[in-house]
$ cat work_38.cif   # mmCIF, C-alpha atoms
data_structure
loop_
_atom_site.label_atom_id
_atom_site.label_comp_id
_atom_site.auth_asym_id
_atom_site.auth_seq_id
_atom_site.Cartn_x
_atom_site.Cartn_y
_atom_site.Cartn_z
CA MET G 80 14.01 -16.67 18.52
CA GLN G 81 12.17 -19.92 19.30
CA GLU G 82 11.21 -22.27 16.46
CA ALA G 83 7.48 -21.59 16.77
CA GLU G 84 8.14 -17.87 16.56
CA VAL G 85 10.41 -18.26 13.52
CA LYS G 86 7.79 -20.45 11.83
CA GLU G 87 5.11 -17.86 12.48
CA GLN G 88 7.27 -15.05 11.10
CA PHE G 89 8.20 -17.16 8.10
CA LEU G 90 4.56 -17.94 7.27
CA LYS G 91 3.71 -14.28 7.73
CA ALA G 92 6.47 -13.44 5.27
CA TYR G 93 4.90 -15.95 2.86
CA GLU G 94 1.49 -14.32 3.16
CA ALA G 95 2.96 -10.86 2.69
CA SER G 96 5.43 -11.57 -0.13
CA ALA G 97 4.11 -14.57 -2.09
CA ASP G 98 2.23 -12.45 -4.64
CA ALA G 99 5.15 -10.10 -5.21
CA ILE G 100 7.59 -13.00 -5.65
CA TYR G 101 5.09 -14.68 -8.00
CA ARG G 102 4.86 -11.53 -10.14
CA TYR G 103 8.64 -11.28 -10.26
CA CYS G 104 8.93 -14.93 -11.29
CA PHE G 105 6.07 -14.56 -13.75
CA PHE G 106 8.00 -11.95 -15.72
CA ARG G 107 11.28 -13.80 -15.42
CA VAL G 108 9.86 -17.10 -16.73
CA ARG G 109 8.22 -15.49 -19.73
CA ASN G 110 4.76 -15.30 -18.29
CA ASN G 111 4.43 -19.00 -17.57
CA SER G 112 2.24 -19.08 -14.48
CA THR G 113 2.76 -22.79 -13.71
CA VAL G 114 6.53 -22.43 -13.66
CA ALA G 115 6.19 -19.21 -11.65
CA GLU G 116 4.08 -21.02 -9.03
CA ASP G 117 6.68 -23.82 -8.80
CA VAL G 118 9.45 -21.28 -8.37
CA VAL G 119 7.53 -19.51 -5.59
CA GLN G 120 7.18 -22.76 -3.66
CA GLU G 121 10.79 -23.76 -4.26
CA THR G 122 11.96 -20.29 -3.19
CA PHE G 123 10.24 -20.43 0.19
CA MET G 124 11.45 -23.97 0.79
CA LYS G 125 15.04 -22.97 -0.02
CA VAL G 126 14.84 -20.00 2.32
CA TRP G 127 13.56 -22.27 5.10
CA ARG G 128 16.46 -24.66 4.49
CA TYR G 129 18.78 -21.66 4.70
CA LEU G 130 17.28 -20.83 8.10
CA CYS G 131 17.60 -24.47 9.15
CA GLU G 132 21.33 -24.18 8.62
CA GLY G 133 21.35 -21.52 11.34
CA ASN G 134 21.88 -18.53 9.03
CA GLU G 135 20.73 -15.09 10.13
CA VAL G 136 18.41 -13.14 7.85
CA GLY G 137 18.77 -9.37 7.76
CA ASN G 138 16.39 -8.52 4.94
CA MET G 139 13.82 -11.25 4.36
CA ARG G 140 12.28 -9.73 1.24
CA ALA G 141 15.63 -9.22 -0.45
CA LEU G 142 16.61 -12.81 0.40
CA LEU G 143 13.35 -14.09 -1.13
CA TYR G 144 13.95 -12.19 -4.38
CA GLN G 145 17.58 -13.34 -4.52
CA THR G 146 16.54 -16.95 -3.96
CA ALA G 147 13.80 -16.72 -6.59
CA ARG G 148 16.28 -15.20 -9.00
CA ASN G 149 18.85 -17.94 -8.42
CA THR G 150 16.17 -20.63 -8.69
CA ILE G 151 15.10 -19.30 -12.09
CA ILE G 152 18.73 -19.12 -13.28
CA ASP G 153 19.26 -22.74 -12.14
CA ARG G 154 16.15 -23.81 -14.01
CA HIS G 155 17.32 -22.00 -17.14
CA LYS G 156 20.64 -23.79 -16.88
CA ARG G 157 18.97 -27.17 -16.42
CA LYS G 158 16.81 -26.84 -19.48
CA ASP G 159 16.61 -24.05 -21.92
CA ALA G 160 12.88 -24.05 -22.01
CA THR G 161 12.39 -20.36 -22.34
CA ASN G 162 10.21 -19.06 -25.06
CA THR G 163 10.87 -15.49 -25.84
CA SER G 164 8.34 -14.51 -28.46
CA LEU G 165 5.07 -12.83 -27.69
CA ASP G 166 3.35 -15.38 -29.96
CA ALA G 167 4.53 -18.14 -27.68
CA LEU G 168 3.17 -16.19 -24.76
CA HIS G 169 -0.22 -16.14 -26.49
CA GLU G 170 0.03 -19.84 -27.27
CA GLN G 171 0.60 -20.65 -23.61
CA GLY G 172 -2.59 -18.77 -23.03
CA PHE G 173 -3.17 -16.07 -20.50
CA ASP G 174 -5.86 -18.21 -18.95
CA ALA G 175 -3.06 -19.77 -16.97
CA VAL G 176 -2.77 -16.63 -14.85
CA GLY G 177 -5.27 -15.13 -12.44
CA GLN G 178 -8.48 -13.61 -13.72
CA ASP G 179 -7.32 -10.10 -13.00
CA ALA G 180 -4.22 -10.65 -15.02
CA GLN G 181 -6.27 -12.16 -17.82
CA SER G 182 -8.36 -9.06 -18.06
CA ILE G 183 -5.43 -6.71 -18.07
CA PHE G 184 -3.54 -8.72 -20.63
CA THR G 185 -6.36 -8.20 -23.06
CA GLU G 186 -5.43 -4.56 -23.03
CA ILE G 187 -3.44 -3.61 -26.06
CA ASP G 188 -1.13 -1.38 -24.01
CA CYS G 189 0.05 -4.23 -21.86
CA ASN G 190 0.70 -6.55 -24.76
CA GLN G 191 2.54 -3.83 -26.61
CA LEU G 192 4.64 -3.08 -23.57
CA LEU G 193 5.50 -6.74 -23.04
CA SER G 194 6.57 -6.92 -26.64
CA GLU G 195 8.75 -3.83 -26.28
CA MET G 196 10.27 -5.11 -23.06
CA ASP G 197 11.51 -8.17 -24.91
CA HIS G 198 14.02 -5.86 -26.59
CA LEU G 199 15.56 -4.98 -23.25
CA GLU G 200 18.37 -6.88 -21.60
CA GLU G 201 17.17 -9.43 -19.05
CA GLU G 202 18.51 -7.44 -16.14
CA GLU G 203 16.99 -4.19 -17.34
CA LYS G 204 13.63 -5.84 -17.68
CA GLU G 205 14.02 -7.26 -14.20
CA ILE G 206 14.94 -3.84 -12.79
CA LEU G 207 11.94 -2.20 -14.47
CA VAL G 208 9.59 -4.82 -13.01
CA LEU G 209 11.06 -4.34 -9.53
CA ARG G 210 10.94 -0.56 -9.87
CA TYR G 211 7.57 0.04 -11.48
CA VAL G 212 5.50 -3.08 -10.86
CA GLU G 213 6.68 -3.71 -7.30
CA GLY G 214 7.49 -0.09 -6.49
CA HIS G 215 10.88 -0.80 -4.89
CA GLY G 216 13.46 1.97 -4.66
CA PRO G 217 16.98 1.73 -6.17
CA LYS G 218 18.42 0.90 -2.74
CA GLU G 219 16.17 -2.12 -2.29
CA ILE G 220 16.66 -3.28 -5.88
CA ALA G 221 20.41 -2.99 -5.34
CA ALA G 222 20.13 -5.23 -2.27
CA ILE G 223 18.19 -7.81 -4.32
CA LEU G 224 20.50 -7.79 -7.33
CA GLY G 225 23.76 -7.36 -5.44
CA LYS G 226 24.60 -4.07 -7.14
CA THR G 227 25.11 -0.51 -5.95
CA PRO G 228 22.09 1.86 -5.89
CA ASN G 229 23.95 4.04 -8.35
CA GLN G 230 24.32 1.20 -10.84
CA VAL G 231 20.63 0.42 -10.48
CA SER G 232 19.64 4.04 -11.09
CA VAL G 233 21.78 4.10 -14.24
CA ARG G 234 20.16 0.88 -15.53
CA ILE G 235 16.68 2.23 -14.80
CA HIS G 236 17.48 5.41 -16.70
CA ARG G 237 18.90 3.45 -19.64
CA ALA G 238 15.94 1.07 -19.81
CA LYS G 239 13.54 3.99 -19.65
CA GLN G 240 15.35 5.72 -22.52
CA ILE G 241 15.04 2.58 -24.68
CA LEU G 242 11.36 2.17 -23.88
CA LYS G 243 10.77 5.86 -24.45
CA GLN G 244 12.14 5.54 -27.94
CA ARG G 245 10.22 2.38 -28.77
CA TYR G 246 7.03 2.94 -26.87
CA ALA G 247 4.67 5.89 -27.30
CA THR G 248 4.97 8.32 -24.38
CA MET R 139 4.06 13.77 -16.16
CA GLN R 140 4.32 10.06 -15.60
CA ARG R 141 5.24 8.13 -18.72
CA LYS R 142 2.73 5.86 -20.36
CA PHE R 143 4.88 2.76 -19.91
CA GLU R 144 5.24 3.44 -16.20
CA LYS R 145 1.47 3.61 -15.86
CA THR R 146 1.09 0.43 -17.91
CA LEU R 147 3.69 -1.37 -15.82
CA LYS R 148 1.76 -0.48 -12.68
CA LYS R 149 -1.22 -2.32 -14.14
CA PHE R 150 0.80 -5.52 -13.83
CA ARG R 151 0.50 -5.20 -10.04
CA LYS R 152 -2.87 -6.86 -10.48
CA ILE R 153 -1.13 -10.14 -11.29
CA HIS R 154 -1.22 -12.36 -8.25
CA LEU R 155 -1.26 -16.00 -7.20
CA GLN R 156 -4.69 -17.58 -7.43
CA PRO R 157 -6.06 -17.81 -3.86
CA LYS R 158 -6.40 -21.60 -4.19
CA THR R 159 -2.80 -21.95 -5.37
CA LYS R 160 -1.58 -19.66 -2.60
CA GLU R 161 -3.45 -21.76 -0.06
CA ALA R 162 -2.09 -25.00 -1.55
CA ILE R 163 1.52 -23.75 -1.42
CA HIS R 164 0.91 -22.59 2.16
CA GLY R 165 -0.24 -26.10 3.05
CA ARG R 166 2.77 -27.73 1.39
CA LEU R 167 5.08 -25.28 3.18
CA LEU R 168 3.52 -26.18 6.52
CA VAL R 169 4.27 -29.86 5.90
CA PHE R 170 7.78 -28.99 4.75
CA LEU R 171 8.39 -26.91 7.87
CA GLU R 172 7.25 -29.80 10.06
CA GLU R 173 9.53 -32.23 8.25
CA ASN R 174 12.50 -29.88 8.46
CA PRO R 175 12.74 -28.46 11.97
CA LEU R 176 15.26 -25.74 12.79
CA GLN R 177 18.57 -27.01 14.12
CA LYS R 178 19.41 -23.80 15.98
CA THR R 179 17.54 -20.71 17.05
CA VAL R 180 17.87 -17.99 14.42
CA ASN R 181 17.32 -14.27 14.19
CA LEU R 182 14.72 -13.41 11.59
CA LYS R 183 14.15 -9.72 10.91
CA THR R 184 10.69 -9.04 9.53
CA GLU R 185 9.25 -6.19 7.52
CA ASN R 186 7.57 -4.80 10.63
CA GLN R 187 10.84 -4.07 12.33
CA ARG R 188 11.83 -0.50 11.68
CA TRP R 189 15.25 0.76 10.64
CA TYR R 190 15.62 2.52 13.98
CA SER R 191 14.78 -0.65 15.92
CA GLY R 192 17.47 -1.38 18.43
CA MET R 193 19.12 1.95 17.70
CA PHE R 194 18.68 3.18 21.26
CA PHE R 195 17.04 0.42 23.24
CA PRO R 196 14.60 -2.43 22.57
CA ALA R 197 11.58 -0.29 23.46
CA PHE R 198 11.86 1.36 20.06
CA GLN R 199 11.12 -1.89 18.27
CA ARG R 200 7.45 -1.39 18.99
CA LEU R 201 7.27 2.22 17.85
CA SER R 202 5.53 3.06 14.61
CA ILE R 203 6.95 5.85 12.44
CA PRO R 204 4.47 8.56 13.64
CA LEU R 205 5.23 7.71 17.24
CA PHE R 206 8.94 7.78 16.59
CA VAL R 207 8.54 11.23 15.01
CA ALA R 208 6.43 12.28 18.00
CA PHE R 209 9.24 11.16 20.28
CA LEU R 210 11.79 13.13 18.30
CA VAL R 211 9.56 16.22 18.41
CA PHE R 212 9.25 15.74 22.14
CA VAL R 213 13.03 15.66 22.51
CA VAL R 214 13.73 18.53 20.10
CA ALA R 215 11.04 20.85 21.44
CA GLY R 216 12.47 20.40 24.92
CA GLY R 217 9.08 19.46 26.17
CA GLY R 218 7.92 23.10 26.61
CA THR R 219 5.13 23.06 24.07
CA VAL R 220 4.28 19.53 24.98
CA LEU R 221 3.87 20.43 28.65
CA ALA R 222 1.83 23.49 27.79
CA ALA R 223 -0.45 21.29 25.69
CA GLU R 224 -1.36 19.14 28.70
CA GLY R 225 -4.10 21.53 29.81
CA ALA R 226 -5.48 22.09 26.29
CA ILE R 227 -9.14 21.47 25.50
CA PRO R 228 -10.81 20.88 22.11
CA GLY R 229 -10.63 24.05 20.06
CA ASP R 230 -7.27 25.12 21.53
CA VAL R 231 -4.27 25.40 19.21
CA LEU R 232 -2.32 22.96 21.35
CA TYR R 233 -5.09 20.37 21.61
CA PRO R 234 -3.79 18.27 18.64
CA VAL R 235 -0.35 18.26 20.34
CA LYS R 236 -1.99 16.89 23.48
CA ILE R 237 -3.82 14.13 21.60
CA HIS R 238 -1.34 13.16 18.90
CA ILE R 239 1.97 13.77 20.65
CA ASN R 240 1.60 13.70 24.44
CA GLU R 241 -0.86 10.83 24.61
CA ALA R 242 0.70 8.95 21.69
CA ALA R 243 4.11 9.21 23.37
CA ARG R 244 2.64 7.88 26.61
CA ALA R 245 1.05 4.98 24.72
CA ALA R 246 4.36 4.26 23.01
CA PHE R 247 5.98 3.48 26.34
CA VAL R 248 3.36 0.98 27.39
CA PHE R 249 4.31 -2.51 26.36
CA ASP R 250 1.59 -4.86 27.52
CA GLU R 251 -2.07 -5.02 26.58
CA LYS R 252 -3.37 -4.61 30.12
CA SER R 253 -1.45 -1.39 30.79
CA SER R 254 -2.38 -0.13 27.36
CA ALA R 255 -6.07 -0.76 28.11
CA ASN R 256 -5.76 1.00 31.47
CA LEU R 257 -4.16 3.96 29.75
CA ASP R 258 -7.06 4.13 27.30
CA ILE R 259 -9.55 4.08 30.17
CA GLN R 260 -7.63 6.94 31.82
CA GLN R 261 -7.66 8.87 28.56
CA THR R 262 -11.43 8.37 28.32
CA GLN R 263 -11.61 10.12 31.70
CA ARG R 264 -9.49 12.93 30.30
CA ARG R 265 -11.98 13.37 27.43
CA MET R 266 -14.75 13.66 30.00
CA ASN R 267 -12.82 16.26 31.96
CA GLU R 268 -12.33 18.25 28.76
CA ALA R 269 -16.05 18.06 27.99
CA GLU R 270 -16.83 19.30 31.51
CA LYS R 271 -14.42 22.20 31.14
CA LEU R 272 -16.01 23.11 27.82
CA GLU R 273 -19.45 22.92 29.32
CA THR R 274 -18.56 25.32 32.12
CA LYS R 275 -17.18 27.69 29.52
CA GLY R 276 -20.37 27.27 27.46
CA GLN R 277 -18.37 26.03 24.47
CA LEU R 278 -19.73 22.49 24.30
CA ASN R 279 -21.47 22.60 20.93
CA PRO R 280 -22.76 19.55 18.96
CA GLN R 281 -19.68 19.52 16.74
CA VAL R 282 -17.34 19.27 19.72
CA GLN R 283 -19.62 16.69 21.34
CA LYS R 284 -19.37 14.59 18.20
CA LYS R 285 -15.59 14.92 18.15
CA ILE R 286 -15.24 13.91 21.79
CA SER R 287 -17.69 11.01 21.26
CA ARG R 288 -15.48 9.77 18.46
CA GLU R 289 -12.36 10.02 20.62
CA VAL R 290 -14.06 8.15 23.48
CA GLU R 291 -15.23 5.45 21.05
CA ASN R 292 -11.69 5.04 19.79
CA HIS R 293 -10.40 4.58 23.33
CA VAL R 294 -13.13 2.02 24.06
CA LYS R 295 -12.37 0.19 20.80
CA ARG R 296 -8.70 0.01 21.74
CA VAL R 297 -9.61 -1.43 25.14
CA ASP R 298 -11.77 -4.05 23.39
CA ALA R 299 -8.90 -4.86 21.03
CA ALA R 300 -6.57 -5.27 24.03
CA VAL R 301 -9.08 -7.67 25.63
CA ILE R 302 -9.24 -9.74 22.44
CA LYS R 303 -5.42 -9.84 22.26
CA LEU R 304 -5.17 -10.91 25.90
CA GLU R 305 -7.72 -13.67 25.29
CA ALA R 306 -5.87 -14.77 22.18
CA LYS R 307 -2.69 -15.03 24.24
CA GLY R 308 -4.53 -17.19 26.75
CA ASN R 309 -4.31 -14.54 29.46
CA THR R 310 -8.02 -14.84 30.27
CA ARG R 311 -7.66 -13.54 33.81
CA ALA R 312 -6.15 -10.22 32.71
CA ALA R 313 -8.72 -10.02 29.89
CA ALA R 314 -11.57 -10.50 32.37
CA GLU R 315 -10.09 -7.88 34.72
CA VAL R 316 -9.77 -5.31 31.95
CA ARG R 317 -13.27 -6.07 30.67
CA LEU R 318 -14.70 -5.69 34.15
CA GLU R 319 -12.82 -2.45 34.74
CA LEU R 320 -14.12 -0.97 31.49
CA ARG R 321 -17.64 -2.13 32.19
CA GLU R 322 -17.61 -0.65 35.69
CA TYR R 323 -16.11 2.58 34.40
CA LEU R 324 -18.74 2.92 31.65
CA GLU R 325 -21.55 2.08 34.03
CA LYS R 326 -20.28 4.63 36.54
CA THR R 327 -19.86 7.37 33.95
CA SER R 328 -22.63 6.65 31.45
CA GLU R 329 -24.99 9.18 33.06
CA LYS R 330 -22.31 11.87 33.12
CA PHE R 331 -21.42 11.18 29.50
CA SER R 332 -25.02 11.34 28.33
CA ALA R 333 -25.56 14.54 30.36
CA LEU R 334 -22.63 16.03 28.45
CA GLY R 335 -24.18 14.84 25.18
CA ILE R 336 -21.45 12.31 24.51
CA GLN R 337 -22.71 9.15 22.90
CA ILE R 338 -20.83 5.89 22.94
CA LYS R 339 -22.21 3.77 20.11
CA GLU R 340 -23.51 0.25 20.49
CA GLU R 341 -20.07 -1.04 21.46
CA LYS R 342 -21.37 -1.49 24.99
CA GLU R 343 -24.22 -3.74 23.87
CA GLU R 344 -21.90 -5.75 21.68
CA ARG R 345 -19.49 -6.10 24.58
CA GLU R 346 -22.27 -7.23 26.89
CA GLU R 347 -23.45 -9.70 24.26
CA ARG R 348 -19.95 -11.03 24.07
CA VAL R 349 -19.78 -11.33 27.84
CA ASP R 350 -23.18 -13.06 27.83
CA GLU R 351 -22.03 -15.42 25.08
CA LYS R 352 -18.96 -16.28 27.12
CA LYS R 353 -21.11 -16.81 30.18
CA SER R 354 -23.46 -19.11 28.31
CA ASP R 355 -20.47 -20.95 26.86
CA ARG R 356 -19.09 -21.39 30.36
CA GLU R 357 -22.50 -22.58 31.60
CA LYS R 358 -22.69 -25.06 28.73
CA GLU R 359 -19.25 -26.34 29.60
CA LYS R 360 -20.30 -26.73 33.23
CA GLU R 361 -23.42 -28.66 32.18
CA VAL R 362 -21.38 -30.95 29.97
CA LYS R 363 -18.95 -31.56 32.84
CA LYS R 364 -21.83 -32.25 35.23
CA GLU R 365 -23.31 -34.77 32.82
CA GLU R 366 -19.94 -36.44 32.40
CA ASN R 367 -19.49 -36.67 36.16
CA LYS R 368 -23.00 -38.07 36.51
CA LYS R 369 -22.31 -40.69 33.85
CA ARG R 370 -19.05 -41.55 35.54
CA SER R 371 -20.75 -41.99 38.93
CA ASP R 372 -23.54 -44.05 37.29
CA ASN R 373 -20.89 -46.24 35.70
CA ASN R 374 -19.17 -46.63 39.07
CA GLU R 375 -22.44 -47.69 40.67
CA GLU R 376 -23.06 -50.17 37.87
CA ASP R 377 -19.53 -51.52 38.26
CA GLU R 378 -20.05 -51.93 41.98
CA GLU R 379 -23.34 -53.73 41.42
CA LYS R 380 -21.64 -55.98 38.89
CA LYS R 381 -18.83 -56.73 41.33
CA GLN R 382 -21.29 -57.55 44.07
CA GLU R 383 -23.24 -59.79 41.68
CA GLU R 384 -20.03 -61.55 40.64
CA GLN R 385 -19.02 -62.05 44.25
CA ARG R 386 -22.47 -63.45 45.01
CA ILE R 387 -22.25 -65.87 42.05
CA ASN R 388 -18.74 -66.95 43.10
CA ILE R 389 -19.87 -67.66 46.63
CA GLU R 390 -22.85 -69.61 45.36
CA THR R 391 -20.70 -71.71 43.00
CA ASP R 392 -18.19 -72.32 45.80
CA ILE R 393 -20.94 -73.61 47.98
CA GLU R 394 -22.29 -75.79 45.18
CA VAL R 395 -18.80 -77.17 44.48
CA ASN R 396 -18.26 -77.83 48.16
CA LEU R 397 -21.51 -79.69 48.38
CA LYS R 398 -20.72 -81.78 45.31
CA THR R 399 -17.13 -82.70 46.34
CA PRO R 400 -17.11 -86.25 47.81
CA PHE R 401 -14.07 -85.51 49.96
CA LEU R 402 -15.95 -82.80 51.68
CA ASN R 403 -18.99 -85.04 51.94
CA THR R 404 -17.00 -87.78 53.61
CA ARG R 405 -15.33 -85.27 55.88
CA ASP R 406 -18.73 -84.05 56.88
#

$ encode --input "work_38.cif" --output "structure tokens"
Amino acid sequence: MQEAEVKEQFLKAYEASADAIYRYCFFRVRNNSTVAEDVVQETFMKVWRYLCEGNEVGNMRALLYQTARNTIIDRHKRKDATNTSLDALHEQGFDAVGQDAQSIFTEIDCNQLLSEMDHLEEEEKEILVLRYVEGHGPKEIAAILGKTPNQVSVRIHRAKQILKQRYAT
Amino acid sequence: MQRKFEKTLKKFRKIHLQPKTKEAIHGRLLVFLEENPLQKTVNLKTENQRWYSGMFFPAFQRLSIPLFVAFLVFVVAGGGTVLAAEGAIPGDVLYPVKIHINEAARAAFVFDEKSSANLDIQQTQRRMNEAEKLETKGQLNPQVQKKISREVENHVKRVDAAVIKLEAKGNTRAAAEVRLELREYLEKTSEKFSALGIQIKEEKEEREERVDEKKSDREKEKEVKKEENKKRSDNNEEDEEKKQEEQRINIETDIEVNLKTPFLNTRD
């Protein structure tokens, strides 16, 4: 593939996946939209560097999620700036996210769900977001997280059980 | 029944990057890509490439899922039904097979815009033949006319799309040939189509407008070029005049100098 072609495909991948990666980051960085935006940019730059090194990419979307995930973990390691409480989330203000998000966050259901999700393990929360917000199947989630589809299915089931108990069905 | 939390989670799909931010990151990425060129050529698989791509041969890379299924049906059914469907007309049980399998399969094995456009023009002719058959049978009712009109419009739209793609690729010659072919075909058959009660919506006018626009653009370009050439020739003339003037002045000064030089005077 010639460079111009690779660039075009890469920018197409950005157009197609930027919002999904942003949503994923948004949940992983405790709803901090500014950090999520930074992570999106850093993710795409890292993936381009990976291509520059001559590496082949089999599944672009999975690579983007993996890179975003690793970027967030690196950031967490660098400074423990995470704020886990829902109050902190309110303090940061939902005005930082898009208008659509602002309107949906005013819904009690969403706030309640976010609060309940805080009781889940980080990975379970991540799997639920990938499964129900992004609509990925266990196979794809497994490719992103480096697990087997069976393990992912088990985690989804477990997380659902916890939410079922805590959250009104 | 879907659980409440699942429904609520789906609401989060509305979260997205602000368009301005998305645009800004896109811009920064462009700069980054320029600053960091690829060292080697790489293989980048995109979302559009299907799981069966490259399974048999590269031709499959361009097949969409319905076409791939159509191909499988073609293989599995041994072609019997598919062949029988070739003579089907609207209203026949096998007509959908003709349209959605036979013709789709044919289109799947065409890999350039020009051939694809030609195929669509041929298929427009097939629609006309079907309408004629129906008319002789006395089965050409308004509903069928509407259906065939829609099919013909779709073919014409696809030809237009192929022209646009060819132009975008810079293959203006092929684009012009296809456009001309379609125009000639429509002009030749418009009476027949209207006699059969098949209407092709304003696409034709739009196409002609587009052709006219292109013509006027070309004319404008020609005019601009003409003006430039004229200016250039004017400038050349001016330059020549200037040169001649300079030469004249030089000669005059030489003469003056010669006259003033005592040596020359004494020699004279």

$ resolve_selection --input "work_38.cif" --expression "the PyMOL selection byres ((chain G and resi 141) around 9)" --output "ChimeraX atom specification"
/G:137-140,142-146,219-220,222-224

$ write_last_selection --input "work_38.cif" --atoms "C-alpha atoms" --output "compact mmCIF listing (two decimals), keeping the file's coordinate frame"
# COMPACT_ATOMS: atom_id res chain seq x y z
CA GLY G 137 18.77 -9.37 7.76
CA ASN G 138 16.39 -8.52 4.94
CA MET G 139 13.82 -11.25 4.36
CA ARG G 140 12.28 -9.73 1.24
CA LEU G 142 16.61 -12.81 0.40
CA LEU G 143 13.35 -14.09 -1.13
CA TYR G 144 13.95 -12.19 -4.38
CA GLN G 145 17.58 -13.34 -4.52
CA THR G 146 16.54 -16.95 -3.96
CA GLU G 219 16.17 -2.12 -2.29
CA ILE G 220 16.66 -3.28 -5.88
CA ALA G 222 20.13 -5.23 -2.27
CA ILE G 223 18.19 -7.81 -4.32
CA LEU G 224 20.50 -7.79 -7.33

$ resolve_selection --input "work_38.cif" --expression "the PyMOL selection byres ((chain G and resi 213) around 12)" --output "count of residues only"
33

$ axis_aligned_box --input "work_38.cif" --around "stretch 137-140 of chain G" --padding-each-side "4 Å" --output "lines of an AutoDock Vina configuration file"
center_x = 15.5
center_y = -9.9
center_z = 4.5
size_x = 14.5
size_y = 10.7
size_z = 14.5

$ residues_around --input "work_38.cif" --residues "G:Leu242" --least-positions-apart "4" --cutoff "8 Å" --atoms "only C-alpha atoms" --output "PyMOL selection string"
(chain G and resi 195-196+238+246) or (chain R and resi 143)

$ atom_distance --input "work_38.cif" --atom1 "atom CA of R:Tyr233" --atom2 "atom CA of R:Leu257"
18.3 Å

$ closest_residue --input "work_38.cif" --among "G:Arg128, G:Arg154, G:His198, G:Lys91" --to "G:Ala115" --atoms "only C-alpha atoms"
G:Arg154

$ atom_distance --input "work_38.cif" --atom1 "atom CA of G:Lys204" --atom2 "atom CA of G:Val126"
24.5 Å

$ atom_distance --input "work_38.cif" --atom1 "atom CA of R:Pro234" --atom2 "atom CA of R:Glu329"
27.2 Å

$ closest_residue --input "work_38.cif" --among "G:Asn111, G:Cys104, G:Cys131, G:Arg237" --to "chain R" --atoms "all atoms listed in the file"
G:Cys131

$ closest_residue --input "work_38.cif" --among "G:Leu199, G:Val233, G:Met124, G:Ile151" --to "chain R" --atoms "all atoms listed in the file"
G:Met124

$ build_atoms --input "work_38.cif" --residues "stretch 126-139 of chain G" --atoms "N, CA and C atoms" --output "PDB file, in the frame of the given file"
ATOM      1  N   VAL G 126      14.565 -20.975   1.259  1.00  0.00           N
ATOM      2  CA  VAL G 126      14.840 -20.000   2.320  1.00  0.00           C
ATOM      3  C   VAL G 126      14.698 -20.672   3.690  1.00  0.00           C
ATOM      4  N   TRP G 127      13.716 -21.558   3.825  1.00  0.00           N
ATOM      5  CA  TRP G 127      13.560 -22.270   5.100  1.00  0.00           C
ATOM      6  C   TRP G 127      14.771 -23.149   5.390  1.00  0.00           C
ATOM      7  N   ARG G 128      15.262 -23.818   4.320  1.00  0.00           N
ATOM      8  CA  ARG G 128      16.460 -24.660   4.490  1.00  0.00           C
ATOM      9  C   ARG G 128      17.642 -23.800   4.940  1.00  0.00           C
ATOM     10  N   TYR G 129      17.714 -22.600   4.359  1.00  0.00           N
ATOM     11  CA  TYR G 129      18.780 -21.660   4.700  1.00  0.00           C
ATOM     12  C   TYR G 129      18.705 -21.307   6.190  1.00  0.00           C
ATOM     13  N   LEU G 130      17.465 -21.130   6.669  1.00  0.00           N
ATOM     14  CA  LEU G 130      17.280 -20.830   8.100  1.00  0.00           C
ATOM     15  C   LEU G 130      17.643 -22.049   8.955  1.00  0.00           C
ATOM     16  N   CYS G 131      17.300 -23.229   8.422  1.00  0.00           N
ATOM     17  CA  CYS G 131      17.600 -24.470   9.150  1.00  0.00           C
ATOM     18  C   CYS G 131      19.097 -24.630   9.395  1.00  0.00           C
ATOM     19  N   GLU G 132      19.874 -24.077   8.465  1.00  0.00           N
ATOM     20  CA  GLU G 132      21.330 -24.180   8.620  1.00  0.00           C
ATOM     21  C   GLU G 132      21.861 -23.199   9.652  1.00  0.00           C
ATOM     22  N   GLY G 133      20.958 -22.447  10.265  1.00  0.00           N
ATOM     23  CA  GLY G 133      21.350 -21.520  11.340  1.00  0.00           C
ATOM     24  C   GLY G 133      21.796 -20.163  10.845  1.00  0.00           C
ATOM     25  N   ASN G 134      21.473 -19.843   9.567  1.00  0.00           N
ATOM     26  CA  ASN G 134      21.880 -18.530   9.030  1.00  0.00           C
ATOM     27  C   ASN G 134      20.950 -17.423   9.502  1.00  0.00           C
ATOM     28  N   GLU G 135      21.517 -16.258   9.725  1.00  0.00           N
ATOM     29  CA  GLU G 135      20.730 -15.090  10.130  1.00  0.00           C
ATOM     30  C   GLU G 135      20.174 -14.427   8.874  1.00  0.00           C
ATOM     31  N   VAL G 136      18.993 -13.844   8.998  1.00  0.00           N
ATOM     32  CA  VAL G 136      18.410 -13.140   7.850  1.00  0.00           C
ATOM     33  C   VAL G 136      18.197 -11.680   8.218  1.00  0.00           C
ATOM     34  N   GLY G 137      18.898 -10.805   7.492  1.00  0.00           N
ATOM     35  CA  GLY G 137      18.770  -9.370   7.760  1.00  0.00           C
ATOM     36  C   GLY G 137      17.588  -8.771   7.046  1.00  0.00           C
ATOM     37  N   ASN G 138      17.464  -9.089   5.752  1.00  0.00           N
ATOM     38  CA  ASN G 138      16.390  -8.520   4.940  1.00  0.00           C
ATOM     39  C   ASN G 138      15.658  -9.671   4.245  1.00  0.00           C
ATOM     40  N   MET G 139      14.556 -10.081   4.841  1.00  0.00           N
ATOM     41  CA  MET G 139      13.820 -11.250   4.360  1.00  0.00           C
ATOM     42  C   MET G 139      13.378 -11.086   2.904  1.00  0.00           C
TER      43      MET G 139
END
